Each structure stands twice: as structure tokens, then as C-alpha cells.
$ cat data-v2.txt   # compact mmCIF, C-alpha atoms
# COMPACT_ATOMS: atom_id res chain seq x y z
CA MET A 1 -24.31 0.96 9.45
CA LEU A 2 -23.30 4.23 7.82
CA ASP A 3 -19.80 5.55 8.40
CA ASP A 4 -19.20 9.14 9.52
CA SER A 5 -18.71 10.64 6.07
CA GLU A 6 -21.86 8.96 4.71
CA GLN A 7 -23.83 10.12 7.74
CA ASP A 8 -22.53 13.63 7.19
CA ARG A 9 -23.51 13.51 3.52
CA CYS A 10 -26.98 12.39 4.55
CA LEU A 11 -27.26 15.26 7.08
CA ALA A 12 -25.96 17.76 4.50
CA GLU A 13 -28.63 16.60 2.06
CA LEU A 14 -31.38 16.94 4.69
CA MET A 15 -30.13 20.43 5.55
CA ALA A 16 -30.08 21.44 1.89
CA ARG A 17 -33.72 20.32 1.61
CA ALA A 18 -34.55 22.17 4.84
CA GLN A 19 -33.07 25.35 3.33
CA GLU A 20 -35.56 24.90 0.51
CA GLY A 21 -38.41 24.75 3.02
CA ASP A 22 -38.88 20.96 3.36
CA GLY A 23 -40.31 20.63 6.90
CA ALA A 24 -40.17 16.81 6.96
CA ALA A 25 -36.46 16.76 6.06
CA TYR A 26 -35.81 19.46 8.63
CA GLY A 27 -37.64 17.55 11.37
CA GLU A 28 -35.68 14.40 10.54
CA LEU A 29 -32.41 16.33 10.56
CA LEU A 30 -33.12 17.91 13.95
CA ARG A 31 -34.12 14.55 15.44
CA LEU A 32 -30.91 12.97 14.11
CA VAL A 33 -28.59 15.68 15.45
CA THR A 34 -30.23 16.16 18.86
CA PRO A 35 -28.59 13.09 20.52
CA ARG A 36 -25.23 14.22 19.16
CA LEU A 37 -25.76 17.70 20.55
CA ARG A 38 -26.66 16.19 23.93
CA ARG A 39 -23.41 14.23 23.88
CA ALA A 40 -21.44 17.33 22.86
CA VAL A 41 -23.00 19.38 25.66
CA LYS A 42 -22.42 16.67 28.30
CA HIS A 43 -18.88 16.13 27.06
CA ARG A 44 -17.99 19.79 27.48
CA ARG A 45 -19.72 20.63 30.73
CA ARG A 46 -21.04 18.77 33.73
CA LEU A 47 -24.64 19.93 33.92
CA GLU A 48 -27.97 19.08 35.44
CA PRO A 49 -30.22 17.19 32.95
CA CYS A 50 -32.60 20.17 32.66
CA ASP A 51 -29.65 22.47 31.86
CA VAL A 52 -28.48 20.03 29.19
CA GLU A 53 -31.91 20.14 27.52
CA ASP A 54 -32.04 23.92 27.81
CA LEU A 55 -28.67 24.22 26.14
CA VAL A 56 -29.55 21.69 23.42
CA GLN A 57 -32.72 23.70 22.67
CA ASP A 58 -30.66 26.89 22.50
CA ILE A 59 -28.37 25.25 19.95
CA LEU A 60 -31.36 24.03 17.90
CA LEU A 61 -32.81 27.56 17.88
CA SER A 62 -29.44 28.97 16.81
CA LEU A 63 -29.18 26.35 14.05
CA HIS A 64 -32.61 27.50 12.88
CA ALA A 65 -31.58 31.18 12.95
CA ALA A 66 -28.31 30.53 11.11
CA ARG A 67 -29.55 27.97 8.57
CA ALA A 68 -28.96 30.33 5.63
CA THR A 69 -25.22 30.31 6.39
CA TYR A 70 -24.84 26.59 5.64
CA ASP A 71 -23.20 25.74 2.33
CA PRO A 72 -24.34 22.22 1.26
CA THR A 73 -21.05 21.61 -0.55
CA ARG A 74 -19.29 21.61 2.83
CA PRO A 75 -19.53 19.03 5.66
CA PHE A 76 -22.51 19.52 7.95
CA MET A 77 -21.27 18.43 11.39
CA PRO A 78 -18.31 20.88 11.64
CA TRP A 79 -20.79 23.67 10.80
CA LEU A 80 -23.23 22.51 13.48
CA LEU A 81 -20.55 21.89 16.11
CA ALA A 82 -19.17 25.41 15.56
CA ILE A 83 -22.63 26.76 16.49
CA ALA A 84 -22.81 24.33 19.44
CA ARG A 85 -19.39 25.40 20.78
CA ASN A 86 -20.39 29.05 20.49
CA ARG A 87 -23.68 28.55 22.35
CA ILE A 88 -22.01 26.42 25.05
CA ALA A 89 -19.39 29.15 25.58
CA ASP A 90 -22.16 31.80 25.76
CA TRP A 91 -24.04 29.67 28.27
CA ALA A 92 -20.87 29.26 30.38
CA ARG A 93 -20.32 33.03 30.38
CA ARG A 94 -23.93 33.71 31.41
CA HIS A 95 -23.70 31.03 34.08
CA ALA A 96 -20.42 32.45 35.42
CA ARG A 97 -21.98 35.93 35.63
CA GLY A 98 -25.03 34.54 37.46
CA ALA A 99 -22.86 32.51 39.82
CA ALA A 100 -20.79 35.61 40.65
CA ASN A 101 -23.98 37.28 41.97
CA GLU A 102 -25.02 34.32 44.10
CA VAL A 103 -23.80 33.50 47.57
CA ALA A 104 -23.99 29.85 48.49
CA ASN A 105 -24.86 29.27 52.12
CA GLY A 106 -26.72 26.72 54.12
CA GLU A 107 -29.63 27.22 56.48
CA LEU A 108 -28.66 29.98 58.84
CA PRO A 109 -31.56 30.46 61.21
CA GLU A 110 -29.51 32.79 63.38
CA THR A 111 -26.58 34.79 62.24
CA PHE A 112 -25.75 36.75 65.37
CA ALA A 113 -26.02 36.19 69.07
CA LEU A 114 -27.98 39.42 69.48
CA VAL A 115 -31.67 38.59 68.88
CA SER A 116 -32.58 41.94 67.34
CA ALA A 117 -29.76 41.61 64.85
CA ASN A 118 -31.55 38.61 63.33
CA ARG A 119 -34.66 40.59 62.67
CA LEU A 120 -35.23 42.10 59.33
CA ILE A 121 -36.62 45.32 60.66
CA GLU A 122 -34.84 46.99 63.48
CA SER A 123 -37.54 49.29 64.78
CA PHE A 124 -40.50 47.10 65.36
CA GLY A 125 -42.97 47.55 68.10
CA GLU A 126 -45.22 45.09 69.84
CA GLU A 127 -47.37 44.69 66.75
CA SER A 128 -44.54 44.38 64.29
CA PHE A 129 -43.00 41.14 63.18
CA GLY A 130 -39.40 41.82 62.30
CA ASP A 131 -39.26 39.08 59.71
CA GLY A 132 -40.33 38.24 56.18
CA GLU A 133 -43.96 38.07 57.20
CA ALA A 134 -44.25 41.83 57.69
CA LEU A 135 -42.52 42.45 54.42
CA ALA A 136 -44.75 39.99 52.57
CA ARG A 137 -47.84 41.65 54.02
CA ALA A 138 -46.58 45.13 53.10
CA LEU A 139 -45.81 43.91 49.61
CA ALA A 140 -49.28 42.44 49.24
CA ASN A 141 -50.79 45.80 50.16
CA LEU A 142 -48.94 47.64 47.38
CA PRO A 143 -50.83 48.63 44.21
CA PRO A 144 -50.35 45.88 41.58
CA GLY A 145 -48.02 47.94 39.35
CA GLN A 146 -45.69 48.83 42.22
CA ARG A 147 -45.74 45.28 43.56
CA ARG A 148 -44.82 43.88 40.13
CA ALA A 149 -42.02 46.45 39.80
CA VAL A 150 -40.53 45.43 43.18
CA GLU A 151 -40.89 41.72 42.44
CA LEU A 152 -39.08 42.02 39.13
CA THR A 153 -36.29 44.39 40.10
CA LYS A 154 -35.68 43.54 43.76
CA LEU A 155 -36.79 39.94 44.22
CA LYS A 156 -36.00 38.47 40.81
CA GLU A 157 -33.08 40.93 40.44
CA LEU A 158 -33.78 41.64 36.77
CA SER A 159 -32.13 44.65 35.21
CA LEU A 160 -34.39 47.65 34.57
CA LYS A 161 -34.40 46.85 30.86
CA GLU A 162 -35.34 43.20 31.41
CA ALA A 163 -37.96 44.14 33.99
CA ALA A 164 -39.43 46.71 31.58
CA ALA A 165 -39.67 44.06 28.87
CA ALA A 166 -41.27 41.58 31.28
CA SER A 167 -43.80 44.01 32.68
CA GLY A 168 -44.58 46.01 29.57
CA MET A 169 -43.78 49.24 31.45
CA THR A 170 -41.26 51.79 30.27
CA VAL A 171 -37.95 52.00 32.13
CA SER A 172 -38.82 55.42 33.55
CA ALA A 173 -42.29 54.28 34.69
CA LEU A 174 -40.63 51.28 36.31
CA LYS A 175 -38.14 53.50 38.14
CA VAL A 176 -40.97 55.68 39.46
CA ALA A 177 -42.98 52.62 40.53
CA VAL A 178 -39.98 51.11 42.36
CA HIS A 179 -39.24 54.42 44.07
CA ARG A 180 -42.84 54.81 45.25
CA ALA A 181 -43.05 51.16 46.28
CA MET A 182 -39.87 51.42 48.37
CA GLY A 183 -41.25 54.54 50.06
CA ALA A 184 -44.53 52.77 50.79
CA LEU A 185 -42.70 49.72 52.16
CA ARG A 186 -40.56 51.86 54.42
CA ARG A 187 -43.63 53.62 55.73
CA ALA A 188 -45.49 50.32 56.22
CA LEU A 189 -42.59 48.78 58.08
CA GLY A 190 -41.89 51.90 60.08
CA THR A 191 -38.28 52.29 59.01
CA LYS A 192 -36.49 55.51 58.20
CA ALA A 193 -35.99 56.42 54.55
CA MET B 1 -37.27 24.82 30.09
CA SER B 2 -40.93 25.33 29.16
CA ILE B 3 -41.37 22.68 26.48
CA ASP B 4 -39.55 19.47 25.72
CA THR B 5 -37.04 19.17 22.92
CA ASP B 6 -39.28 16.97 20.74
CA GLU B 7 -41.99 19.62 20.88
CA LEU B 8 -39.47 22.32 19.92
CA ILE B 9 -38.32 20.22 16.94
CA LYS B 10 -41.96 19.83 15.82
CA ARG B 11 -42.52 23.59 16.04
CA LEU B 12 -39.30 24.44 14.22
CA SER B 13 -39.92 21.99 11.39
CA ALA B 14 -43.54 23.10 11.04
CA ASP B 15 -42.33 26.71 10.85
CA VAL B 16 -39.46 26.24 8.41
CA ARG B 17 -39.52 28.51 5.38
CA PRO B 18 -37.19 28.51 2.38
CA VAL B 19 -34.07 30.63 2.91
CA SER B 20 -31.67 31.96 0.33
CA ARG B 21 -28.19 30.68 1.08
CA LEU B 22 -25.50 33.19 1.88
CA ALA B 23 -22.94 33.66 -0.88
CA PRO B 24 -19.26 32.99 -0.05
CA PRO B 25 -17.58 35.79 1.98
CA TRP B 26 -15.47 37.05 -0.93
CA ARG B 27 -18.57 37.46 -3.10
CA ARG B 28 -20.41 39.27 -0.29
CA ALA B 29 -17.36 41.54 0.17
CA ALA B 30 -17.43 42.29 -3.57
CA LEU B 31 -21.14 43.16 -3.30
CA TRP B 32 -20.45 45.43 -0.32
CA LEU B 33 -17.69 47.22 -2.27
CA ALA B 34 -19.94 47.52 -5.32
CA LEU B 35 -22.64 49.17 -3.19
CA SER B 36 -20.29 51.35 -1.13
CA LEU B 37 -17.97 52.70 -3.80
CA PRO B 38 -20.64 54.68 -5.75
CA TYR B 39 -21.72 56.32 -2.48
CA VAL B 40 -18.13 57.20 -1.57
CA ALA B 41 -17.62 58.54 -5.10
CA ALA B 42 -20.81 60.64 -4.83
CA VAL B 43 -19.63 62.20 -1.54
CA VAL B 44 -16.21 63.17 -2.88
CA TRP B 45 -17.57 64.17 -6.30
CA GLY B 46 -16.79 67.79 -7.11
CA LYS B 47 -14.21 68.02 -4.33
CA VAL B 48 -11.52 66.14 -6.19
CA ALA B 49 -8.42 68.29 -6.42
CA ILE B 50 -7.62 69.18 -10.00
CA VAL B 51 -4.29 67.55 -10.50
CA ASP B 52 -2.49 66.18 -13.45
CA ALA B 53 -3.25 62.45 -13.78
CA ALA B 54 0.32 61.79 -14.87
CA HIS B 55 1.54 63.55 -11.74
CA VAL B 56 -0.68 61.33 -9.55
CA LEU B 57 0.41 58.17 -11.32
CA ALA B 58 4.06 59.17 -10.85
CA ASP B 59 3.58 59.42 -7.09
CA VAL B 60 4.48 55.88 -6.11
CA ARG B 61 3.93 56.34 -2.40
CA PHE B 62 0.41 57.70 -2.97
CA LEU B 63 -0.42 54.77 -5.24
CA ILE B 64 0.94 52.24 -2.72
CA GLU B 65 -1.00 53.92 0.07
CA GLN B 66 -4.26 53.93 -1.89
CA THR B 67 -3.81 50.32 -3.02
CA ALA B 68 -3.10 49.23 0.57
CA THR B 69 -6.11 51.20 1.87
CA PHE B 70 -8.41 49.63 -0.69
CA ALA B 71 -6.97 46.16 0.02
CA THR B 72 -7.56 46.73 3.75
CA ALA B 73 -11.20 47.54 2.99
CA ALA B 74 -11.64 44.47 0.76
CA THR B 75 -9.86 41.99 3.06
CA GLY B 76 -11.50 43.48 6.17
CA ALA B 77 -14.90 42.91 4.57
CA VAL B 78 -14.00 39.32 3.55
CA ALA B 79 -12.80 38.58 7.11
CA ALA B 80 -15.89 40.21 8.67
CA PHE B 81 -18.30 38.18 6.48
CA ALA B 82 -16.30 34.97 6.97
CA SER B 83 -16.53 35.41 10.76
CA THR B 84 -20.33 35.03 10.55
CA VAL B 85 -20.16 31.58 8.92
CA PRO B 86 -20.00 28.71 11.46
CA GLY B 87 -16.85 26.62 11.06
CA PHE B 88 -14.97 29.33 9.10
CA ASP B 89 -11.21 29.13 8.77
CA ARG B 90 -9.87 31.38 11.52
CA ARG B 91 -6.81 32.29 9.49
CA LEU B 92 -9.13 34.47 7.41
CA LEU B 93 -9.34 36.86 10.38
CA LEU B 94 -5.67 37.74 9.81
CA LEU B 95 -6.26 38.62 6.16
CA PRO B 96 -6.45 42.43 6.63
CA LEU B 97 -3.22 42.56 8.65
CA ALA B 98 -0.85 42.58 5.66
CA PRO B 99 -2.48 45.47 3.72
CA LEU B 100 -3.06 47.34 7.00
CA ALA B 101 0.65 47.04 7.80
CA VAL B 102 1.57 48.31 4.32
CA TRP B 103 -0.86 51.22 4.71
CA LEU B 104 0.52 52.20 8.13
CA ALA B 105 4.11 51.76 6.96
CA SER B 106 3.47 53.98 3.95
CA VAL B 107 1.87 56.71 6.08
CA GLY B 108 4.74 56.42 8.60
CA ALA B 109 7.33 56.69 5.83
CA GLY B 110 5.48 59.78 4.57
CA CYS B 111 5.71 61.40 8.01
CA ILE B 112 9.46 60.82 8.11
CA ASP B 113 9.78 62.19 4.55
CA ASP B 114 7.83 65.34 5.45
CA TRP B 115 9.93 65.83 8.57
CA LEU B 116 13.20 65.51 6.64
CA ARG B 117 11.92 67.83 3.90
CA LEU B 118 10.16 70.50 5.95
CA GLY B 119 11.46 70.07 9.50
CA PRO B 120 9.02 70.40 12.43
CA GLU B 121 6.58 72.28 10.14
CA GLY B 122 6.11 69.02 8.20
CA LEU B 123 4.64 67.41 11.32
CA ALA B 124 2.29 70.29 12.26
CA ILE B 125 -1.25 69.08 13.03
CA ARG B 126 -4.08 71.38 11.99
CA PRO B 127 -7.81 70.87 12.20
CA ASP B 128 -9.21 70.58 8.68
CA TRP B 129 -12.73 72.04 8.88
CA GLU B 130 -13.17 71.98 5.14
CA CYS B 131 -13.21 68.20 4.97
CA LEU B 132 -15.22 67.66 8.15
CA PRO B 133 -18.69 67.46 6.50
CA ALA B 134 -17.53 64.92 3.92
CA ALA B 135 -15.54 62.97 6.52
CA SER B 136 -18.63 62.80 8.74
CA VAL B 137 -20.97 61.35 6.11
CA ILE B 138 -18.65 59.30 3.92
CA GLY B 139 -18.81 56.21 6.13
CA ILE B 140 -22.56 56.22 6.83
CA ALA B 141 -23.84 54.14 3.91
CA PRO B 142 -20.91 51.66 3.87
CA ALA B 143 -21.40 51.16 7.64
CA ALA B 144 -25.17 50.69 7.36
CA ILE B 145 -24.78 48.21 4.48
CA MET B 146 -22.06 46.38 6.41
CA VAL B 147 -24.25 45.99 9.52
CA LEU B 148 -27.25 44.82 7.48
CA MET B 149 -25.12 42.27 5.65
CA LEU B 150 -23.45 41.04 8.85
CA ARG B 151 -26.88 40.55 10.45
CA ARG B 152 -27.71 37.96 7.78
CA GLY B 153 -24.89 35.75 9.08
CA ALA B 154 -24.53 33.88 12.37
CA PRO B 155 -23.42 36.18 15.22
CA LEU B 156 -20.72 33.82 16.50
CA TYR B 157 -18.20 36.52 17.40
CA PRO B 158 -20.16 39.80 17.18
CA ARG B 159 -17.33 41.98 18.47
CA THR B 160 -14.76 40.57 16.08
CA SER B 161 -17.17 40.75 13.14
CA LEU B 162 -18.03 44.39 13.85
CA LEU B 163 -14.41 45.34 14.52
CA LEU B 164 -13.39 43.92 11.13
CA GLY B 165 -16.44 45.48 9.47
CA ALA B 166 -15.58 48.89 10.95
CA LEU B 167 -12.00 48.51 9.74
CA ALA B 168 -13.31 47.88 6.23
CA VAL B 169 -15.69 50.86 6.44
CA ALA B 170 -13.00 53.21 7.76
CA ALA B 171 -10.57 52.03 5.08
CA ILE B 172 -13.03 52.58 2.21
CA ALA B 173 -13.89 56.03 3.62
CA ASN B 174 -10.19 56.90 3.84
CA PHE B 175 -9.69 55.65 0.31
CA GLY B 176 -12.30 58.16 -0.85
CA MET B 177 -11.02 61.00 1.33
CA GLN B 178 -7.47 60.55 0.05
CA ILE B 179 -8.64 61.07 -3.51
CA PHE B 180 -9.57 64.67 -2.81
CA HIS B 181 -6.81 65.13 -0.26
CA PHE B 182 -4.11 64.17 -2.69
CA ARG B 183 -0.68 64.93 -1.23
CA ASP B 184 -1.99 65.92 2.16
CA ALA B 185 0.74 65.96 4.80
CA SER B 186 1.27 62.41 6.06
CA ILE B 187 0.93 63.48 9.68
CA MET B 188 -2.58 64.73 8.89
CA VAL B 189 -3.44 61.38 7.30
CA LEU B 190 -1.95 59.58 10.29
CA ILE B 191 -3.83 61.60 12.90
CA TRP B 192 -7.20 62.16 11.23
CA HIS B 193 -7.57 59.19 8.91
CA VAL B 194 -5.66 56.38 10.64
CA GLY B 195 -6.63 57.85 14.04
CA SER B 196 -10.30 57.67 13.13
CA VAL B 197 -9.88 53.98 12.24
CA ALA B 198 -8.21 53.35 15.61
CA VAL B 199 -11.16 54.98 17.41
CA ILE B 200 -14.10 53.77 15.29
CA ALA B 201 -13.14 50.09 14.95
CA PRO B 202 -12.91 49.26 18.70
CA LEU B 203 -16.06 51.35 19.40
CA ALA B 204 -17.97 49.33 16.81
CA GLY B 205 -16.56 46.17 18.38
CA LEU B 206 -17.98 47.23 21.74
CA ALA B 207 -21.44 47.57 20.19
CA GLY B 208 -21.05 43.86 19.21
CA GLU B 209 -24.01 41.90 20.49
CA ARG B 210 -26.38 44.89 20.44
CA LEU B 211 -26.06 45.19 16.68
CA ILE B 212 -25.60 41.60 15.53
CA GLY B 213 -26.41 39.29 18.47
CA TRP B 214 -28.56 36.14 18.30
CA ARG B 215 -32.10 37.33 17.76
CA PRO B 216 -35.27 35.78 19.15
CA LEU B 217 -37.05 33.69 16.55
CA GLY B 218 -40.62 33.97 17.66
CA VAL B 219 -40.52 30.26 18.58
CA SER B 220 -40.85 30.10 22.34
CA LYS B 221 -39.12 27.33 24.18

$ encode --input "data-v2.txt" --output "C-alpha cells"
Amino acid sequence: MLDDSEQDRCLAELMARAQEGDGAAYGELLRLVTPRLRRAVKHRRRLEPCDVEDLVQDILLSLHAARATYDPTRPFMPWLLAIARNRIADWARRHARGAANEVANGELPETFALVSANRLIESFGEESFGDGEALARALANLPPGQRRAVELTKLKELSLKEAAAASGMTVSALKVAVHRAMGALRRALGTKA
Amino acid sequence: MSIDTDELIKRLSADVRPVSRLAPPWRRAALWLALSLPYVAAVVWGKVAIVDAAHVLADVRFLIEQTATFATAATGAVAAFASTVPGFDRRLLLLPLAPLAVWLASVGAGCIDDWLRLGPEGLAIRPDWECLPAASVIGIAPAAIMVLMLRRGAPLYPRTSLLLGALAVAAIANFGMQIFHFRDASIMVLIWHVGSVAVIAPLAGLAGERLIGWRPLGVSK
């Protein structure tokens, strides 16, 4: 069994060959370091298995992007673990930001004693529904561009920039589409603007 | 997660192309200086005040100030490039502090000197329109080269890297400006030159991830 310094020398050699474009050496290197990265990720954070794999893949992609910065005369693992620590910290920051926007609650079929207060739409008549069904139907009736704009910005809560990238629309076209869609929804659901 | 890790490894290793290794930070800093200095010299060319070389060499404070400014540029660049190498020695980030302190101390001592010599007039702040065009363009090429070179590294701490890079750029620009502003009042140097460093460096730091963040690789997960 190889000791740590011999293993590191072996990884450094594989990385040096990968820098020269040797795909086989690179594949072997990535396969050898992946279990270590998994351990490093699990050691630092308690995560769901799918999050662990996501994070490990992020680190592998970052290794790939930064491979020119490796100096083969230096140890390999400290170089790789510096990237891993950086990506784990980035992931934690992103996760913390996401968590700050989420409200954890259980099933709350009724929130208030007053029946009408539990309905999504206040002014509904006999034909209206006052729940998600009416909204889903109104959404389905929107033109595809407007529906996509609402789905991305309001339901998936993407930023305008992210939604523009996802939809292929410009930010200003997206704003217009959201504005028109909201107007159409209000009209369809009979609420005041 | 769209694909499994084994599949990603296959794609990455199939896609790997030879890369040229990054040179050590000090050598990259030397390259940056070698590319930036001719540009700075070209901007200040023709504006250099005609002064007696012996007179300049006799001005110890000016020489100390210029040496410290140049050293701030060089060490700032070394620290900026080092910060893009995973596993770098963090003590390198403190490298520009010593020359920066000498530079600030020298400018501060100059302000006190001017005040003792000329009274309140020695601390008068005037806008200097004559040097505005040169001051506006002198940092452009060093900044562009710095950003391009930083983007070749790993964006581990984009804000810190850009802050140090901007410090180096501002210092090299000030080094050039001082050559044709020989014996300018220290308060003017403090407000316009050091002040511009204090404004530009944190602003560049804020641009951090936008300029040198992790970039998509074209390999989808």
C-alpha cells in the first residue's frame, strides 16, 4: 500500500500528464480523487447524498477550469483541497442565501377561521374558484411567452437576469411580458390592479 | 444533478486539452510590469517637467516615495497573482503593506513639511485640470492587462485578487504621474493620487466575481 507522500507523487504525475493533454491519465486522476472529495465534502457539511454529488461535481469542474494553475513540483492534494474548500464555502453561501428566502412550514390547510381569508382570490363569484385551480387555468390561457415569463420570475423566483438567460428573452422583453401577464391574470381572476 | 459523477469524469477526460502552466506569481508580476511600464511611459512622455537630474536625485523624499510606489505596484501584483493559485501562502497577501505604509508615511511627512514651510497655503487643495486627461487614461492598459492575467488563474477570492490588482494598477499609474508632477505639493498627491487608490481599489474589489468568477466550461453536468 502506498503511503500519503507516494500517493501524492503519483497524483502529481497524473496531473502533469493531464496538463499535457493525456485524457487517460486525467480520467484516472479524477477517479482516484473523487472518493477523497466525497469524504472532504461529507466531513465539512452534513448533506443529502444528491447534494454531496452535486458539490463533488462542482469541485471536479473547478479543478478542470483551474488545471493550468497547478505546478507539478508542488504537492497535489493541498492544491486540490484548496479548490474543494473554496467551492464548499461558495456552496454554503449560496445555500444560506436560498434558505433565507424559504419559509419552512407544514401542511396548513386553513390559516384563518374566516373561510374567505383562506381563499386566494377575494372577489370571486359563483363561478370562481378562489384557489390555485383558477390561477392555474388563467396561467394556462396566457400566451406561451407570457406564461414562461411568469413561471420563471414568479413561480421559480429567478432573477430577471437568470430568467432572461433561461428563456432567451432580453431583460426588457421579459419585464414587458411579466407586466402584461400580471394584467391578464388580474383580469382573468377579476381582481383589482 | 443531471448526470452521474462517472459520466462527468468521462466527459472531462475526453475533453481535456493541453494547457500551458501558469508561471510563478513573481514572474507574472514582472511580465505585467514589463507590459505596463512602456504604456505608462508613453502617456507621460512629453509632459515630463524639465528638471535637473541631479536636483531630482538629491531629493531623498521624492526618491523614497517613488521607490515605495513602485514597490507597492510590484508587490501588489505578486500578491494578486498569488491569490489565484490554489493553496497559495496567505502571508503573500500582506506583501504590499510594507511599501504602502512607506509610501503613505512619505506623503504624510511631505504634507507636514509643506505646512511648516508654507503655512495653511501649503495644504491648499486645487483641482488640477491639466493632468486630468493623462490621469484618466494612464491606468487603462495596466488595468486591462491585470484583469486578463488574473482571469487565467483560479478565482478563489475574486474580491481580494481584484483589490490587490487595483492597488498595483493605481500604484504604477501614480508612479508615472509623479514623474511629471515632480515636487507637487504633498497634499495634492495625498488627495488626488492616494485618494484615487482608496476609491478605485475597493470599487474593483466589489466587481469581484463579475470580472474573474468561475466560468462555465461548456461541459454540462

$ closest_atom_pairs --input "data-v2.txt" --of "chain A" --to "chain B" --cutoff "10 Å" --atoms "all atoms listed in the file" --output "Markdown table"
| residue | atom | partner | partner_atom | distance |
| --- | --- | --- | --- | --- |
| A:Ala16 | CA | B:Arg21 | CA | 9.5 |
| A:Arg17 | CA | B:Pro18 | CA | 8.9 |
| A:Ala18 | CA | B:Pro18 | CA | 7.3 |
| A:Gln19 | CA | B:Pro18 | CA | 5.3 |
| A:Glu20 | CA | B:Pro18 | CA | 4.4 |
| A:Gly21 | CA | B:Pro18 | CA | 4.0 |
| A:Asp22 | CA | B:Val16 | CA | 7.3 |
| A:Gly23 | CA | B:Ser13 | CA | 4.7 |
| A:Ala24 | CA | B:Ser13 | CA | 6.8 |
| A:Ala25 | CA | B:Ser13 | CA | 8.2 |
| A:Tyr26 | CA | B:Ser13 | CA | 5.6 |
| A:Gly27 | CA | B:Ser13 | CA | 5.0 |
| A:Glu28 | CA | B:Ser13 | CA | 8.7 |
| A:Leu29 | CA | B:Ser13 | CA | 9.4 |
| A:Leu30 | CA | B:Ile9 | CA | 6.4 |
| A:Arg31 | CA | B:Ile9 | CA | 7.2 |
| A:Thr34 | CA | B:Thr5 | CA | 8.5 |
| A:Cys50 | CA | B:Met1 | CA | 7.1 |
| A:Asp51 | CA | B:Met1 | CA | 8.2 |
| A:Glu53 | CA | B:Thr5 | CA | 7.0 |
| A:Asp54 | CA | B:Met1 | CA | 5.8 |
| A:Leu55 | CA | B:Met1 | CA | 9.5 |
| A:Val56 | CA | B:Thr5 | CA | 7.9 |
| A:Gln57 | CA | B:Thr5 | CA | 6.3 |
| A:Asp58 | CA | B:Lys221 | CA | 8.6 |
| A:Leu60 | CA | B:Ile9 | CA | 8.0 |
| A:Leu61 | CA | B:Leu217 | CA | 7.6 |
| A:Ser62 | CA | B:Trp214 | CA | 7.4 |
| A:Leu63 | CA | B:Ala154 | CA | 9.0 |
| A:His64 | CA | B:Leu12 | CA | 7.5 |
| A:Ala65 | CA | B:Leu217 | CA | 7.0 |
| A:Ala66 | CA | B:Ala154 | CA | 5.2 |
| A:Arg67 | CA | B:Val19 | CA | 7.7 |
| A:Ala68 | CA | B:Arg21 | CA | 4.6 |
| A:Thr69 | CA | B:Leu22 | CA | 5.4 |
| A:Tyr70 | CA | B:Arg21 | CA | 7.0 |
| A:Asp71 | CA | B:Arg21 | CA | 7.1 |
| A:Pro72 | CA | B:Arg21 | CA | 9.3 |
| A:Arg74 | CA | B:Gly87 | CA | 9.9 |
| A:Pro75 | CA | B:Gly87 | CA | 9.7 |
| A:Phe76 | CA | B:Gly87 | CA | 9.6 |
| A:Met77 | CA | B:Gly87 | CA | 9.3 |
| A:Pro78 | CA | B:Gly87 | CA | 6.0 |
| A:Trp79 | CA | B:Gly87 | CA | 4.9 |
| A:Leu80 | CA | B:Pro86 | CA | 7.3 |
| A:Leu81 | CA | B:Gly87 | CA | 7.8 |
| A:Ala82 | CA | B:Gly87 | CA | 5.2 |
| A:Ile83 | CA | B:Pro86 | CA | 6.0 |
| A:Ala84 | CA | B:Pro86 | CA | 9.5 |
| A:Arg85 | CA | B:Leu156 | CA | 9.5 |
| A:Asn86 | CA | B:Leu156 | CA | 6.2 |
| A:Arg87 | CA | B:Leu156 | CA | 8.4 |
| A:Asp90 | CA | B:Leu156 | CA | 9.6 |

$ atom_distance --input "data-v2.txt" --atom1 "atom CA of A:Ala138" --atom2 "atom CA of A:Leu185"
6.1 Å

$ atom_distance --input "data-v2.txt" --atom1 "atom CA of B:Leu93" --atom2 "atom CA of B:Ala73"
13.1 Å

$ atom_distance --input "data-v2.txt" --atom1 "atom CA of A:Val176" --atom2 "atom CA of A:Gly145"
10.5 Å

$ closest_residue --input "data-v2.txt" --among "B:Pro99, B:Gly110, B:Gly205, B:Gly165" --to "B:Phe62" --atoms "all atoms listed in the file"
B:Gly110

$ closest_residue --input "data-v2.txt" --among "B:Phe81, B:Phe175, B:Phe70, B:Trp26" --to "B:Leu148" --atoms "only C-alpha atoms"
B:Phe81

$ closest_residue --input "data-v2.txt" --among "A:Glu6, A:Ala134, A:Ala184, A:Thr170" --to "A:Gln146" --atoms "all atoms listed in the file"
A:Ala184

$ residues_around --input "data-v2.txt" --residues "B:Ala204" --least-positions-apart "2" --cutoff "9 Å" --atoms "only C-alpha atoms" --output "count of residues only"
12
